[in-house]
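Inspection log for the structure reproduced underneath, given as structure tokens.
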Amino acid sequence: MSKVIVVTSGKGGVGKTTSTASIGAALAQTGKRVCIVDFDVGLRNLDLVMGAERRVVYDFINVAHGDAKLTQALIRDKRVSTLYLLAASQTRDKDALTDEGVERVIRDLRQSFDWVICDSPAGIERGALLAMRFADQAIVVSNPEISSVRDSDRIIGLLDSRTRRAEHGELMEKHLLLTRFDPGRSNRGEMLSVADVLDILSIPLLGVIPESEEILRASNLGEPVTMSSASPAARSYREAARRLAGETLAMVIPDERKTLLTRLFGRRAA
Amino acid sequence: MTLFGFFKRRATAPVARERLQILLAHERVALGTRDLIAILRDELIATIARHIDFDPEKLSVKMDRAGSFSTLEIDVEIPCDKVDTRRFPSTEASPAQHFWPK
């Protein structure tokens, strides 16, 4: 059965696009058919993070308006054959998407994919609401930082009131993905802990992605971190993808792997 | 100074947590209540308008929170001539009468 996931956050720059690409690639690597969809009309970036920016011919709006077939607009990944991208339009204005158009495209995507992962634009405007509207589940991406957590709280409220599922009185399953987490700083009381954020937002934890240089490297290369790297961030994203698919895995907060000795003497390495 | 400053540096995460908890407690109530009142208002207008021709502007919905309970205050102003009394002959003609054992 096909699942539609929205990756959302309210605040910009917390890692929605990176997370969409990384989790999408990780799911596709298990052989499932995955389509990642960019909802950020006018400011598309998922194509760039996926290294497919020169292959975009038709986009979401072309399909929604009936100017192109879905099969013409889908871009198949060159590295993972079950991974596809539907790009957002860079030239059209954000009002070009309608409820009906989005609903039709999502319905068609459900026919041919196991996972449809929607990368939401930042904010709580029309684009963000459309990205969440027809989703079955949500991944709320948050940084351990007050403005991001506040905005996540607001988005959770919208997921519970403005989605199709919420309007039908059904449960909207939500998962927290805590990104850019620095275990060392958190241990020293300089950053909100995982427990703090969980306590405040009260939604189940999908994963904790440590702050990592590999993320920028991956984005420079246009290659999701889960495709090539063996870094802790890539491992955390792979584990998050497995949890999303229903596996029960122990949650290892990156720094907990460290011994007392490295905690005492490895301050700089933390 | 750097060594001294290092030891003096206070943990700021607890401050962040407390500020967030207080802020969100307020925002959740404010946003949640506003949404609820808007929904109640729309549904009340629709329900009343089915039976009575009235001015939706004359309907007010207020919610107050005081300690352990909340009060919901609904105030509807209806012009006398707009109520069709034939539809509400008397309280005795309640639907329950149909099921009253003979």
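All residue names refer to the structure tokens as shown: chains lettered A, B, ... in order, residues numbered from 1 in each chain, ligands numbered from 1 in order.
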Residue list for chain A near chain B as JSON, numbers by chain, 6 Å, only C-alpha atoms:
{"A": [189, 190, 191, 192]}
Prev. selection, N, CA and C atoms, output as a PDB file, in the first residue's frame:
```pdb
ATOM      1  N   GLY A 189      25.025  21.373  28.246  1.00  0.00           N
ATOM      2  CA  GLY A 189      23.933  22.276  28.607  1.00  0.00           C
ATOM      3  C   GLY A 189      23.879  23.519  27.742  1.00  0.00           C
ATOM      4  N   GLU A 190      24.527  23.473  26.581  1.00  0.00           N
ATOM      5  CA  GLU A 190      24.519  24.640  25.697  1.00  0.00           C
ATOM      6  C   GLU A 190      23.445  24.527  24.620  1.00  0.00           C
ATOM      7  N   MET A 191      22.811  23.363  24.542  1.00  0.00           N
ATOM      8  CA  MET A 191      21.821  23.131  23.487  1.00  0.00           C
ATOM      9  C   MET A 191      20.688  22.288  24.083  1.00  0.00           C
ATOM     10  N   LEU A 192      19.462  22.536  23.639  1.00  0.00           N
ATOM     11  CA  LEU A 192      18.329  21.726  24.097  1.00  0.00           C
ATOM     12  C   LEU A 192      18.661  20.247  23.882  1.00  0.00           C
TER      13      LEU A 192
END
```
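The residue set within 7 Å of Arg41 of chain B, counting only C-alpha atoms and dropping same-chain residues fewer than 4 places from it, reads Ile37, Ile45 and Val61 of chain B.
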Determine, counting only C-alpha atoms, which protein, DNA and RNA residues have an atom within 12 Å of an atom of segment 98-107 of chain A; residues of the same chain fewer than 6 positions away are not included. Present the result as a CSV table (one decimal) with C-alpha atoms, in the first residue's frame.
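Output file out.csv follows:
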```csv
chain,number,residue,atom,x,y,z
A,2,SER,CA,1.2,3.4,-0.9
A,3,LYS,CA,2.1,6.0,1.7
A,4,VAL,CA,2.2,9.8,1.3
A,5,ILE,CA,4.5,11.6,3.7
A,6,VAL,CA,5.0,15.3,4.1
A,35,CYS,CA,8.9,9.5,-5.5
A,36,ILE,CA,10.1,12.7,-3.9
A,37,VAL,CA,8.1,15.7,-4.7
A,38,ASP,CA,9.2,19.3,-4.4
A,39,PHE,CA,6.3,21.6,-3.3
A,59,ASP,CA,7.4,20.1,-13.5
A,60,PHE,CA,4.6,19.6,-10.9
A,61,ILE,CA,2.5,22.5,-12.3
A,62,ASN,CA,2.7,21.2,-15.9
A,63,VAL,CA,1.3,17.9,-14.7
A,64,ALA,CA,-1.3,19.5,-12.4
A,65,HIS,CA,-2.5,21.7,-15.3
A,66,GLY,CA,-2.5,18.8,-17.7
A,67,ASP,CA,0.2,20.2,-20.0
A,68,ALA,CA,2.4,17.2,-19.4
A,69,LYS,CA,1.9,13.6,-18.5
A,70,LEU,CA,3.1,12.4,-15.1
A,71,THR,CA,5.5,10.0,-16.8
A,73,ALA,CA,7.7,14.9,-15.7
A,74,LEU,CA,9.1,12.2,-13.4
A,86,LEU,CA,8.9,15.4,-9.4
A,88,ALA,CA,8.5,22.1,-8.6
A,113,PHE,CA,4.8,4.3,-5.9
A,115,TRP,CA,6.3,6.0,-1.0
A,116,VAL,CA,5.5,9.6,-2.0
A,117,ILE,CA,7.6,12.0,0.0
A,118,CYS,CA,6.5,15.7,-0.2
A,126,ARG,CA,-0.7,28.1,0.9
A,127,GLY,CA,2.3,26.1,-0.4
A,129,LEU,CA,-0.7,23.8,3.5
A,130,LEU,CA,-1.0,22.1,0.1
A,131,ALA,CA,2.1,20.0,0.8
A,132,MET,CA,0.5,18.6,3.9
A,133,ARG,CA,-3.1,18.5,2.7
A,134,PHE,CA,-3.2,15.0,1.2
A,135,ALA,CA,-0.5,13.3,3.3
A,136,ASP,CA,-1.1,10.2,5.4
A,163,THR,CA,-5.2,18.3,6.5
A,164,ARG,CA,-7.7,16.1,4.7
```
Got a sec to tell me which of segment 3-150 of chain A DSSP assigns to strand (DSSP E or B), as a PDB file with N, CA and C atoms, in the first residue's frame?
```
ATOM      1  N   LYS A   3       2.157   5.020   0.636  1.00  0.00           N
ATOM      2  CA  LYS A   3       2.108   5.997   1.740  1.00  0.00           C
ATOM      3  C   LYS A   3       2.590   7.358   1.266  1.00  0.00           C
ATOM      4  N   VAL A   4       1.836   8.394   1.628  1.00  0.00           N
ATOM      5  CA  VAL A   4       2.224   9.763   1.287  1.00  0.00           C
ATOM      6  C   VAL A   4       2.688  10.467   2.559  1.00  0.00           C
ATOM      7  N   ILE A   5       3.930  10.946   2.522  1.00  0.00           N
ATOM      8  CA  ILE A   5       4.543  11.574   3.692  1.00  0.00           C
ATOM      9  C   ILE A   5       4.837  13.030   3.372  1.00  0.00           C
ATOM     10  N   VAL A   6       4.541  13.942   4.293  1.00  0.00           N
ATOM     11  CA  VAL A   6       4.978  15.329   4.098  1.00  0.00           C
ATOM     12  C   VAL A   6       6.140  15.602   5.049  1.00  0.00           C
ATOM     13  N   VAL A   7       7.174  16.235   4.508  1.00  0.00           N
ATOM     14  CA  VAL A   7       8.313  16.643   5.329  1.00  0.00           C
ATOM     15  C   VAL A   7       8.172  18.145   5.531  1.00  0.00           C
ATOM     16  N   THR A   8       7.914  18.556   6.772  1.00  0.00           N
ATOM     17  CA  THR A   8       7.531  19.938   7.024  1.00  0.00           C
ATOM     18  C   THR A   8       8.203  20.459   8.300  1.00  0.00           C
ATOM     19  N   VAL A  34      10.018   4.859  -4.850  1.00  0.00           N
ATOM     20  CA  VAL A  34       9.893   6.110  -4.103  1.00  0.00           C
ATOM     21  C   VAL A  34       9.846   7.298  -5.056  1.00  0.00           C
ATOM     22  N   CYS A  35       8.911   8.221  -4.805  1.00  0.00           N
ATOM     23  CA  CYS A  35       8.910   9.472  -5.547  1.00  0.00           C
ATOM     24  C   CYS A  35       9.037  10.622  -4.548  1.00  0.00           C
ATOM     25  N   ILE A  36      10.032  11.469  -4.730  1.00  0.00           N
ATOM     26  CA  ILE A  36      10.149  12.655  -3.893  1.00  0.00           C
ATOM     27  C   ILE A  36       9.625  13.841  -4.692  1.00  0.00           C
ATOM     28  N   VAL A  37       8.776  14.640  -4.034  1.00  0.00           N
ATOM     29  CA  VAL A  37       8.051  15.706  -4.725  1.00  0.00           C
ATOM     30  C   VAL A  37       8.395  17.053  -4.097  1.00  0.00           C
ATOM     31  N   ASP A  38       8.835  17.986  -4.939  1.00  0.00           N
ATOM     32  CA  ASP A  38       9.156  19.332  -4.448  1.00  0.00           C
ATOM     33  C   ASP A  38       7.910  20.213  -4.517  1.00  0.00           C
ATOM     34  N   ILE A  75      11.509  12.308 -13.028  1.00  0.00           N
ATOM     35  CA  ILE A  75      12.933  12.154 -13.347  1.00  0.00           C
ATOM     36  C   ILE A  75      13.466  10.960 -12.557  1.00  0.00           C
ATOM     37  N   ARG A  76      13.950   9.968 -13.310  1.00  0.00           N
ATOM     38  CA  ARG A  76      14.444   8.764 -12.646  1.00  0.00           C
ATOM     39  C   ARG A  76      15.891   8.960 -12.217  1.00  0.00           C
ATOM     40  N   LEU A  83      14.138   5.251  -7.531  1.00  0.00           N
ATOM     41  CA  LEU A  83      13.937   6.594  -6.978  1.00  0.00           C
ATOM     42  C   LEU A  83      13.611   7.596  -8.089  1.00  0.00           C
ATOM     43  N   TYR A  84      12.515   8.340  -7.899  1.00  0.00           N
ATOM     44  CA  TYR A  84      12.073   9.330  -8.889  1.00  0.00           C
ATOM     45  C   TYR A  84      11.880  10.685  -8.219  1.00  0.00           C
ATOM     46  N   LEU A  85      12.008  11.723  -9.053  1.00  0.00           N
ATOM     47  CA  LEU A  85      11.820  13.094  -8.561  1.00  0.00           C
ATOM     48  C   LEU A  85      10.756  13.794  -9.397  1.00  0.00           C
ATOM     49  N   LEU A  86       9.853  14.502  -8.708  1.00  0.00           N
ATOM     50  CA  LEU A  86       8.933  15.398  -9.414  1.00  0.00           C
ATOM     51  C   LEU A  86       9.299  16.809  -8.960  1.00  0.00           C
ATOM     52  N   TRP A 115       6.151   4.819  -1.825  1.00  0.00           N
ATOM     53  CA  TRP A 115       6.320   6.005  -0.983  1.00  0.00           C
ATOM     54  C   TRP A 115       6.294   7.260  -1.840  1.00  0.00           C
ATOM     55  N   VAL A 116       5.493   8.238  -1.411  1.00  0.00           N
ATOM     56  CA  VAL A 116       5.499   9.554  -2.035  1.00  0.00           C
ATOM     57  C   VAL A 116       5.908  10.520  -0.931  1.00  0.00           C
ATOM     58  N   ILE A 117       7.049  11.171  -1.092  1.00  0.00           N
ATOM     59  CA  ILE A 117       7.558  12.038  -0.030  1.00  0.00           C
ATOM     60  C   ILE A 117       7.543  13.487  -0.492  1.00  0.00           C
ATOM     61  N   CYS A 118       6.728  14.295   0.180  1.00  0.00           N
ATOM     62  CA  CYS A 118       6.501  15.676  -0.249  1.00  0.00           C
ATOM     63  C   CYS A 118       7.364  16.629   0.560  1.00  0.00           C
ATOM     64  N   ASP A 119       8.225  17.369  -0.133  1.00  0.00           N
ATOM     65  CA  ASP A 119       9.103  18.342   0.512  1.00  0.00           C
ATOM     66  C   ASP A 119       8.360  19.678   0.570  1.00  0.00           C
ATOM     67  N   GLN A 137       0.939  10.782   6.608  1.00  0.00           N
ATOM     68  CA  GLN A 137       1.783  10.949   7.787  1.00  0.00           C
ATOM     69  C   GLN A 137       2.683  12.161   7.578  1.00  0.00           C
ATOM     70  N   ALA A 138       3.234  12.664   8.683  1.00  0.00           N
ATOM     71  CA  ALA A 138       4.121  13.820   8.574  1.00  0.00           C
ATOM     72  C   ALA A 138       5.432  13.572   9.299  1.00  0.00           C
ATOM     73  N   ILE A 139       6.512  14.083   8.693  1.00  0.00           N
ATOM     74  CA  ILE A 139       7.795  14.152   9.385  1.00  0.00           C
ATOM     75  C   ILE A 139       8.015  15.625   9.707  1.00  0.00           C
ATOM     76  N   VAL A 140       8.059  15.945  11.000  1.00  0.00           N
ATOM     77  CA  VAL A 140       8.284  17.318  11.424  1.00  0.00           C
ATOM     78  C   VAL A 140       9.776  17.472  11.707  1.00  0.00           C
ATOM     79  N   VAL A 141      10.445  18.278  10.875  1.00  0.00           N
ATOM     80  CA  VAL A 141      11.893  18.470  11.023  1.00  0.00           C
ATOM     81  C   VAL A 141      12.136  19.670  11.937  1.00  0.00           C
ATOM     82  N   SER A 142      12.972  19.457  12.949  1.00  0.00           N
ATOM     83  CA  SER A 142      13.236  20.540  13.889  1.00  0.00           C
ATOM     84  C   SER A 142      14.704  20.544  14.282  1.00  0.00           C
TER      85      SER A 142
END
```
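Coordinates place atom CA of Leu176 of chain A at a distance of 6.0 Å from atom CA of Pro204 of chain A.
Between atom CA of Arg235 of chain A and atom CA of Asp199 of chain A the interatomic distance comes to 24.7 Å.
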Skipping near chain neighbours, those fewer than 5 positions away, what residues fall within 8 Å of Lys62 of chain B using only C-alpha atoms, listed as a PDB file with N, CA, C and O atoms, in the first residue's frame?
```pdb
ATOM      1  N   ILE B  37     -13.399  28.737  18.675  1.00  0.00           N
ATOM      2  CA  ILE B  37     -14.480  29.725  18.656  1.00  0.00           C
ATOM      3  C   ILE B  37     -14.949  29.980  17.227  1.00  0.00           C
ATOM      4  O   ILE B  37     -16.152  30.052  16.965  1.00  0.00           O
ATOM      5  N   LEU B  72     -18.344  28.887  28.345  1.00  0.00           N
ATOM      6  CA  LEU B  72     -18.650  29.227  26.961  1.00  0.00           C
ATOM      7  C   LEU B  72     -19.922  30.058  26.976  1.00  0.00           C
ATOM      8  O   LEU B  72     -20.949  29.628  27.506  1.00  0.00           O
ATOM      9  N   GLU B  73     -19.832  31.251  26.427  1.00  0.00           N
ATOM     10  CA  GLU B  73     -20.981  32.140  26.460  1.00  0.00           C
ATOM     11  C   GLU B  73     -21.448  32.392  25.022  1.00  0.00           C
ATOM     12  O   GLU B  73     -20.682  32.869  24.191  1.00  0.00           O
ATOM     13  N   ILE B  74     -22.690  32.022  24.740  1.00  0.00           N
ATOM     14  CA  ILE B  74     -23.237  32.245  23.399  1.00  0.00           C
ATOM     15  C   ILE B  74     -24.406  33.205  23.520  1.00  0.00           C
ATOM     16  O   ILE B  74     -25.335  32.970  24.297  1.00  0.00           O
TER      17      ILE B  74
END
```
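Shell of Gln90 of chain A at 10 Å, with only C-alpha atoms counted and residues fewer than 6 places along the chain excluded, is Asp40, Val41, Gly42, Leu43, Arg44, Asn45, Asp59 and Ile61 of chain A.
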Selected residues written out with all heavy atoms, as a PDB file, in the first residue's frame:
```pdb
ATOM      1  N   ASP A  40       7.980  23.365  -3.295  1.00  0.00           N
ATOM      2  CA  ASP A  40       8.417  24.752  -3.118  1.00  0.00           C
ATOM      3  C   ASP A  40       8.421  25.492  -4.454  1.00  0.00           C
ATOM      4  O   ASP A  40       9.474  25.705  -5.068  1.00  0.00           O
ATOM      5  CB  ASP A  40       9.810  24.761  -2.472  1.00  0.00           C
ATOM      6  CG  ASP A  40      10.067  26.042  -1.702  1.00  0.00           C
ATOM      7  OD1 ASP A  40       9.323  27.018  -1.923  1.00  0.00           O
ATOM      8  OD2 ASP A  40      10.995  26.061  -0.878  1.00  0.00           O
ATOM      9  N   VAL A  41       7.238  25.916  -4.882  1.00  0.00           N
ATOM     10  CA  VAL A  41       7.086  26.578  -6.178  1.00  0.00           C
ATOM     11  C   VAL A  41       7.812  27.925  -6.165  1.00  0.00           C
ATOM     12  O   VAL A  41       7.621  28.736  -5.268  1.00  0.00           O
ATOM     13  CB  VAL A  41       5.590  26.779  -6.509  1.00  0.00           C
ATOM     14  CG1 VAL A  41       5.421  27.570  -7.804  1.00  0.00           C
ATOM     15  CG2 VAL A  41       4.887  25.447  -6.617  1.00  0.00           C
ATOM     16  N   GLY A  42       8.652  28.141  -7.151  1.00  0.00           N
ATOM     17  CA  GLY A  42       9.397  29.396  -7.243  1.00  0.00           C
ATOM     18  C   GLY A  42      10.757  29.340  -6.570  1.00  0.00           C
ATOM     19  O   GLY A  42      11.639  30.131  -6.876  1.00  0.00           O
ATOM     20  N   LEU A  43      10.917  28.437  -5.624  1.00  0.00           N
ATOM     21  CA  LEU A  43      12.200  28.312  -4.918  1.00  0.00           C
ATOM     22  C   LEU A  43      12.595  26.848  -4.823  1.00  0.00           C
ATOM     23  O   LEU A  43      12.922  26.351  -3.749  1.00  0.00           O
ATOM     24  CB  LEU A  43      12.099  28.897  -3.498  1.00  0.00           C
ATOM     25  CG  LEU A  43      11.982  30.408  -3.367  1.00  0.00           C
ATOM     26  CD1 LEU A  43      11.675  30.781  -1.921  1.00  0.00           C
ATOM     27  CD2 LEU A  43      13.268  31.091  -3.811  1.00  0.00           C
ATOM     28  N   ARG A  44      12.520  26.146  -5.954  1.00  0.00           N
ATOM     29  CA  ARG A  44      12.783  24.721  -5.910  1.00  0.00           C
ATOM     30  C   ARG A  44      14.263  24.437  -5.624  1.00  0.00           C
ATOM     31  O   ARG A  44      15.138  25.178  -6.082  1.00  0.00           O
ATOM     32  CB  ARG A  44      12.352  24.057  -7.205  1.00  0.00           C
ATOM     33  CG  ARG A  44      13.281  24.324  -8.360  1.00  0.00           C
ATOM     34  CD  ARG A  44      12.908  23.429  -9.524  1.00  0.00           C
ATOM     35  NE  ARG A  44      13.773  23.630 -10.667  1.00  0.00           N
ATOM     36  CZ  ARG A  44      13.342  23.664 -11.918  1.00  0.00           C
ATOM     37  NH1 ARG A  44      12.051  23.540 -12.182  1.00  0.00           N
ATOM     38  NH2 ARG A  44      14.180  23.823 -12.908  1.00  0.00           N
ATOM     39  N   ASN A  45      14.549  23.406  -4.879  1.00  0.00           N
ATOM     40  CA  ASN A  45      15.923  23.045  -4.569  1.00  0.00           C
ATOM     41  C   ASN A  45      16.154  21.555  -4.475  1.00  0.00           C
ATOM     42  O   ASN A  45      17.296  21.105  -4.451  1.00  0.00           O
ATOM     43  CB  ASN A  45      16.350  23.692  -3.242  1.00  0.00           C
ATOM     44  CG  ASN A  45      16.787  25.129  -3.440  1.00  0.00           C
ATOM     45  OD1 ASN A  45      17.490  25.429  -4.401  1.00  0.00           O
ATOM     46  ND2 ASN A  45      16.347  26.021  -2.574  1.00  0.00           N
ATOM     47  N   ASP A  59       7.442  20.029 -14.942  1.00  0.00           N
ATOM     48  CA  ASP A  59       7.378  20.058 -13.485  1.00  0.00           C
ATOM     49  C   ASP A  59       5.965  19.761 -12.978  1.00  0.00           C
ATOM     50  O   ASP A  59       5.042  19.495 -13.757  1.00  0.00           O
ATOM     51  CB  ASP A  59       7.893  21.402 -12.965  1.00  0.00           C
ATOM     52  CG  ASP A  59       7.113  22.574 -13.548  1.00  0.00           C
ATOM     53  OD1 ASP A  59       5.877  22.536 -13.479  1.00  0.00           O
ATOM     54  OD2 ASP A  59       7.748  23.506 -14.103  1.00  0.00           O
ATOM     55  N   ILE A  61       3.630  21.644 -11.790  1.00  0.00           N
ATOM     56  CA  ILE A  61       2.526  22.478 -12.277  1.00  0.00           C
ATOM     57  C   ILE A  61       2.113  22.085 -13.693  1.00  0.00           C
ATOM     58  O   ILE A  61       0.917  22.047 -14.005  1.00  0.00           O
ATOM     59  CB  ILE A  61       2.899  23.979 -12.165  1.00  0.00           C
ATOM     60  CG1 ILE A  61       2.903  24.354 -10.677  1.00  0.00           C
ATOM     61  CG2 ILE A  61       1.932  24.865 -12.941  1.00  0.00           C
ATOM     62  CD1 ILE A  61       3.343  25.755 -10.367  1.00  0.00           C
TER      63      ILE A  61
END
```
Residues near Asp42 of chain B, anyone? I mean within 12 Å using only C-alpha atoms, not counting same-chain ones fewer than 4 positions away, as a ChimeraX atom specification.
/B:35-38,46-49,56-57,59-61
Just all heavy atoms for this one: save the residues we selected as an mmCIF file, in the first residue's frame.
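The result, stored in out.cif:
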```cif
data_model
loop_
_atom_site.group_PDB
_atom_site.id
_atom_site.type_symbol
_atom_site.label_atom_id
_atom_site.label_comp_id
_atom_site.auth_asym_id
_atom_site.auth_seq_id
_atom_site.Cartn_x
_atom_site.Cartn_y
_atom_site.Cartn_z
ATOM 1 N N ASP B 35 -9.344 29.083 17.141
ATOM 2 C CA ASP B 35 -9.840 28.153 16.135
ATOM 3 C C ASP B 35 -11.174 27.554 16.577
ATOM 4 O O ASP B 35 -12.113 27.477 15.814
ATOM 5 C CB ASP B 35 -8.831 27.022 15.899
ATOM 6 C CG ASP B 35 -7.615 27.547 15.137
ATOM 7 O OD1 ASP B 35 -7.684 28.712 14.704
ATOM 8 O OD2 ASP B 35 -6.637 26.815 14.993
ATOM 9 N N LEU B 36 -11.258 27.150 17.833
ATOM 10 C CA LEU B 36 -12.473 26.517 18.344
ATOM 11 C C LEU B 36 -13.643 27.487 18.270
ATOM 12 O O LEU B 36 -14.735 27.128 17.835
ATOM 13 C CB LEU B 36 -12.237 26.054 19.793
ATOM 14 C CG LEU B 36 -13.438 25.427 20.477
ATOM 15 C CD1 LEU B 36 -13.862 24.149 19.768
ATOM 16 C CD2 LEU B 36 -13.141 25.130 21.939
ATOM 17 N N ILE B 37 -13.399 28.737 18.675
ATOM 18 C CA ILE B 37 -14.480 29.725 18.656
ATOM 19 C C ILE B 37 -14.949 29.980 17.227
ATOM 20 O O ILE B 37 -16.152 30.052 16.965
ATOM 21 C CB ILE B 37 -14.022 31.032 19.351
ATOM 22 C CG1 ILE B 37 -13.990 30.785 20.859
ATOM 23 C CG2 ILE B 37 -14.963 32.189 19.025
ATOM 24 C CD1 ILE B 37 -13.532 31.946 21.678
ATOM 25 N N ALA B 38 -14.009 30.065 16.296
ATOM 26 C CA ALA B 38 -14.383 30.287 14.896
ATOM 27 C C ALA B 38 -15.234 29.126 14.382
ATOM 28 O O ALA B 38 -16.234 29.334 13.693
ATOM 29 C CB ALA B 38 -13.129 30.446 14.047
ATOM 30 N N ALA B 46 -24.870 28.419 11.086
ATOM 31 C CA ALA B 46 -25.510 27.524 10.112
ATOM 32 C C ALA B 46 -26.746 26.862 10.724
ATOM 33 O O ALA B 46 -27.798 26.770 10.086
ATOM 34 C CB ALA B 46 -24.502 26.476 9.650
ATOM 35 N N THR B 47 -26.616 26.408 11.979
ATOM 36 C CA THR B 47 -27.734 25.714 12.626
ATOM 37 C C THR B 47 -28.912 26.654 12.867
ATOM 38 O O THR B 47 -30.059 26.334 12.546
ATOM 39 C CB THR B 47 -27.269 25.124 13.982
ATOM 40 O OG1 THR B 47 -26.099 24.350 13.740
ATOM 41 C CG2 THR B 47 -28.339 24.254 14.600
ATOM 42 N N ILE B 48 -28.623 27.826 13.405
ATOM 43 C CA ILE B 48 -29.696 28.767 13.723
ATOM 44 C C ILE B 48 -30.362 29.269 12.439
ATOM 45 O O ILE B 48 -31.580 29.356 12.356
ATOM 46 C CB ILE B 48 -29.143 29.943 14.568
ATOM 47 C CG1 ILE B 48 -28.636 29.414 15.914
ATOM 48 C CG2 ILE B 48 -30.237 30.987 14.809
ATOM 49 C CD1 ILE B 48 -27.850 30.414 16.735
ATOM 50 N N ALA B 49 -29.539 29.521 11.421
ATOM 51 C CA ALA B 49 -30.073 30.054 10.158
ATOM 52 C C ALA B 49 -31.016 29.067 9.469
ATOM 53 O O ALA B 49 -31.842 29.460 8.663
ATOM 54 C CB ALA B 49 -28.921 30.428 9.229
ATOM 55 N N PRO B 56 -26.305 37.219 11.311
ATOM 56 C CA PRO B 56 -25.141 36.528 11.893
ATOM 57 C C PRO B 56 -24.239 37.458 12.712
ATOM 58 O O PRO B 56 -23.532 37.009 13.610
ATOM 59 C CB PRO B 56 -24.389 35.997 10.673
ATOM 60 C CG PRO B 56 -25.397 35.926 9.597
ATOM 61 C CD PRO B 56 -26.373 37.024 9.854
ATOM 62 N N GLU B 57 -24.309 38.753 12.410
ATOM 63 C CA GLU B 57 -23.486 39.712 13.167
ATOM 64 C C GLU B 57 -23.935 39.800 14.626
ATOM 65 O O GLU B 57 -23.186 40.241 15.495
ATOM 66 C CB GLU B 57 -23.595 41.110 12.529
ATOM 67 C CG GLU B 57 -22.988 41.217 11.144
ATOM 68 C CD GLU B 57 -21.465 41.110 11.173
ATOM 69 O OE1 GLU B 57 -20.850 41.829 11.969
ATOM 70 O OE2 GLU B 57 -20.921 40.288 10.407
ATOM 71 N N LEU B 59 -24.583 37.443 16.595
ATOM 72 C CA LEU B 59 -24.232 36.258 17.374
ATOM 73 C C LEU B 59 -22.827 36.433 17.954
ATOM 74 O O LEU B 59 -21.893 36.735 17.218
ATOM 75 C CB LEU B 59 -24.279 35.015 16.479
ATOM 76 C CG LEU B 59 -23.881 33.714 17.178
ATOM 77 C CD1 LEU B 59 -24.986 32.682 17.060
ATOM 78 C CD2 LEU B 59 -22.616 33.131 16.583
ATOM 79 N N SER B 60 -22.719 36.291 19.243
ATOM 80 C CA SER B 60 -21.374 36.393 19.814
ATOM 81 C C SER B 60 -21.032 35.139 20.610
ATOM 82 O O SER B 60 -21.880 34.570 21.297
ATOM 83 C CB SER B 60 -21.259 37.645 20.690
ATOM 84 O OG SER B 60 -21.620 37.356 22.015
ATOM 85 N N VAL B 61 -19.806 34.687 20.425
ATOM 86 C CA VAL B 61 -19.329 33.505 21.138
ATOM 87 C C VAL B 61 -18.107 33.924 21.933
ATOM 88 O O VAL B 61 -17.156 34.491 21.379
ATOM 89 C CB VAL B 61 -18.937 32.379 20.153
ATOM 90 C CG1 VAL B 61 -18.482 31.138 20.893
ATOM 91 C CG2 VAL B 61 -20.097 32.049 19.237
#
```
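Using only C-alpha atoms, the nearest neighbour of Asp64 of chain B within the list B:Ala30, B:Leu44, B:Cys80, B:Ile22 is B:Ala30.
A straight line drawn from atom CA of Gln72 of chain A to atom CA of Leu244 of chain A is 28.9 Å long.
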